[in-house]
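Asker: So that we are looking at the same thing, I have put the structure below in structure tokens.
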Amino acid sequence: MANTDIITPDTVVVRNDKKFITSPIGDEIVMMSIESGNYIGINEVASTIWKKLETPLTVKDLVTYLLASYDIGEKECEEKTIAHLDDMLKKNMISIVP
């Protein structure tokens, strides 16, 4: 991942599921990185994002899906979704599709 990676509404992202072992616990997911052995716990919303990114998806389409699933305004949803995706990218949980 380069420092120049910037996630925008038009960015296409996909999860790196082959790099993690996952286990659902209620509405959340606990993951272990196969490469580092580190554990990551993600909340209900981040778990929804993870599940939705099984196939490549634009951030814009992901936000549209989340708006239909949660009671949140569009601007706030986009900002929080991009923040979640930035965090996931830093943890190597997702990749940007060129």
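We label chains A, B, ... in the order they appear in the structure tokens, count residues from 1 in each chain, and number ligands from 1 in the order shown.
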Please identify the strand (DSSP E) residues within chain A (assignment by DSSP from backbone atoms) and present them as a ChimeraX atom specification.
Answerer: /A:12-15,20-25,28-33,39-42,57-58,94-97
Asker: Save out the residues we just selected, N, CA and C atoms, as a CSV table (one decimal), in the first residue's frame.
Answerer:
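Produced file part_5.csv, reproduced below:
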chain,number,residue,atom,x,y,z
A,12,VAL,N,-12.8,1.6,-6.1
A,12,VAL,CA,-13.3,0.3,-6.1
A,12,VAL,C,-12.5,-0.5,-5.1
A,13,VAL,N,-13.1,-1.1,-4.1
A,13,VAL,CA,-12.4,-1.9,-3.1
A,13,VAL,C,-12.9,-3.3,-3.0
A,14,VAL,N,-12.1,-4.2,-2.5
A,14,VAL,CA,-12.5,-5.6,-2.3
A,14,VAL,C,-11.8,-6.1,-1.0
A,15,ARG,N,-12.4,-7.0,-0.3
A,15,ARG,CA,-11.7,-7.5,0.9
A,15,ARG,C,-10.6,-8.5,0.6
A,20,PHE,N,-7.1,-13.6,5.9
A,20,PHE,CA,-7.6,-13.6,7.3
A,20,PHE,C,-8.5,-14.9,7.5
A,21,ILE,N,-8.5,-15.3,8.7
A,21,ILE,CA,-9.4,-16.3,9.2
A,21,ILE,C,-10.4,-15.6,10.0
A,22,THR,N,-11.7,-15.8,9.7
A,22,THR,CA,-12.8,-15.0,10.3
A,22,THR,C,-13.7,-15.9,11.1
A,23,SER,N,-14.3,-15.3,12.1
A,23,SER,CA,-15.3,-16.0,12.9
A,23,SER,C,-16.4,-15.1,13.4
A,24,PRO,N,-17.6,-15.3,13.0
A,24,PRO,CA,-18.7,-14.4,13.5
A,24,PRO,C,-19.0,-14.6,15.0
A,25,ILE,N,-19.2,-13.5,15.7
A,25,ILE,CA,-19.6,-13.6,17.1
A,25,ILE,C,-20.8,-12.6,17.2
A,28,GLU,N,-20.9,-9.2,15.1
A,28,GLU,CA,-19.6,-8.8,14.9
A,28,GLU,C,-18.7,-9.9,14.3
A,29,ILE,N,-17.5,-9.6,13.9
A,29,ILE,CA,-16.6,-10.6,13.4
A,29,ILE,C,-15.2,-10.4,14.1
A,30,VAL,N,-14.7,-11.5,14.4
A,30,VAL,CA,-13.3,-11.6,14.9
A,30,VAL,C,-12.4,-12.2,13.9
A,31,MET,N,-11.3,-11.5,13.6
A,31,MET,CA,-10.5,-12.0,12.5
A,31,MET,C,-9.0,-12.2,13.0
A,32,MET,N,-8.3,-13.1,12.3
A,32,MET,CA,-6.9,-13.3,12.6
A,32,MET,C,-6.2,-13.2,11.3
A,33,SER,N,-5.1,-12.3,11.2
A,33,SER,CA,-4.3,-12.2,10.1
A,33,SER,C,-3.4,-13.4,9.9
A,39,TYR,N,-4.9,-10.4,15.9
A,39,TYR,CA,-6.4,-10.4,15.9
A,39,TYR,C,-7.0,-9.1,15.8
A,40,ILE,N,-8.1,-9.0,15.1
A,40,ILE,CA,-8.9,-7.8,14.8
A,40,ILE,C,-10.3,-8.1,15.1
A,41,GLY,N,-11.0,-7.3,15.9
A,41,GLY,CA,-12.4,-7.4,16.2
A,41,GLY,C,-13.1,-6.2,15.4
A,42,ILE,N,-14.1,-6.5,14.7
A,42,ILE,CA,-14.8,-5.4,14.0
A,42,ILE,C,-16.3,-5.4,14.4
A,57,LEU,N,-16.4,-3.5,-5.2
A,57,LEU,CA,-17.6,-2.6,-5.1
A,57,LEU,C,-17.0,-1.2,-5.0
A,58,THR,N,-17.7,-0.2,-5.7
A,58,THR,CA,-17.3,1.2,-5.5
A,58,THR,C,-17.8,1.6,-4.1
A,94,ILE,N,-8.4,-4.8,3.2
A,94,ILE,CA,-9.0,-4.6,1.8
A,94,ILE,C,-7.9,-4.1,0.9
A,95,SER,N,-8.2,-4.2,-0.4
A,95,SER,CA,-7.3,-3.7,-1.4
A,95,SER,C,-8.1,-2.8,-2.3
A,96,ILE,N,-7.4,-1.8,-2.9
A,96,ILE,CA,-8.0,-0.9,-3.9
A,96,ILE,C,-7.8,-1.6,-5.3
A,97,VAL,N,-8.9,-1.8,-6.0
A,97,VAL,CA,-8.9,-2.4,-7.3
A,97,VAL,C,-8.6,-1.3,-8.4
Asker: Would you pick out the contacts of Thr64 of chain A at 10 Å or less, using only C-alpha atoms, so that residues sharing its chain but fewer than 4 positions from it are not included, and give the list as a PyMOL selection string?
Answerer: chain A and resi 58-60+68-69+74+77-78
Asker: Once you have the residues from the selection above, write them out as a short mmCIF file (atom, residue, chain, number, x, y, z; two decimals), in the first residue's frame, restricted to N, CA and C atoms.
Answerer:
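Listing of again21.cif after writing:
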data_model
loop_
_atom_site.label_atom_id
_atom_site.label_comp_id
_atom_site.auth_asym_id
_atom_site.auth_seq_id
_atom_site.Cartn_x
_atom_site.Cartn_y
_atom_site.Cartn_z
N THR A 58 -17.71 -0.24 -5.65
CA THR A 58 -17.32 1.16 -5.47
C THR A 58 -17.77 1.61 -4.09
N VAL A 59 -17.07 2.58 -3.55
CA VAL A 59 -17.44 3.15 -2.26
C VAL A 59 -18.84 3.75 -2.36
N LYS A 60 -19.14 4.37 -3.48
CA LYS A 60 -20.45 4.97 -3.71
C LYS A 60 -21.56 3.92 -3.59
N ALA A 68 -29.46 2.21 2.94
CA ALA A 68 -30.70 1.43 2.97
C ALA A 68 -30.77 0.53 4.20
N SER A 69 -29.63 0.27 4.83
CA SER A 69 -29.57 -0.66 5.96
C SER A 69 -29.57 0.03 7.32
N GLU A 74 -26.72 10.80 4.45
CA GLU A 74 -25.82 10.43 3.37
C GLU A 74 -24.38 10.93 3.59
N CYS A 77 -22.77 9.08 6.47
CA CYS A 77 -22.51 7.69 6.06
C CYS A 77 -21.27 7.60 5.18
N GLU A 78 -21.16 8.51 4.20
CA GLU A 78 -20.00 8.50 3.32
C GLU A 78 -18.71 8.75 4.10
#
Asker: Can you pull out the residues contacting segment 79-88 of chain A? Cut-off 7 Å, using only C-alpha atoms, and skip same-chain residues under 6 positions away; I want them as JSON, numbers by chain.
Answerer: {"A": [7, 46, 63, 94]}
Asker: Report, in Å with one decimal, the straight-line distance from atom CA of Gly73 of chain A to atom CA of Asp17 of chain A.
Answerer: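 Result for atom CA of Gly73 of chain A versus atom CA of Asp17 of chain A: 29.3 Å, one decimal.
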Asker: Name the closest residue to Ser47 of chain A among the candidates A:Glu76, A:Asp27, A:Lys19, A:Tyr70; distances are taken between atoms, counting only C-alpha atoms.
Answerer: A:Asp27
Asker: What parts of chain A does DSSP call helix (DSSP H, G or I)? I'd like the answer as an MDAnalysis selection string.
Answerer: chainID A and resid 17:19 44:52 59:69 74:90
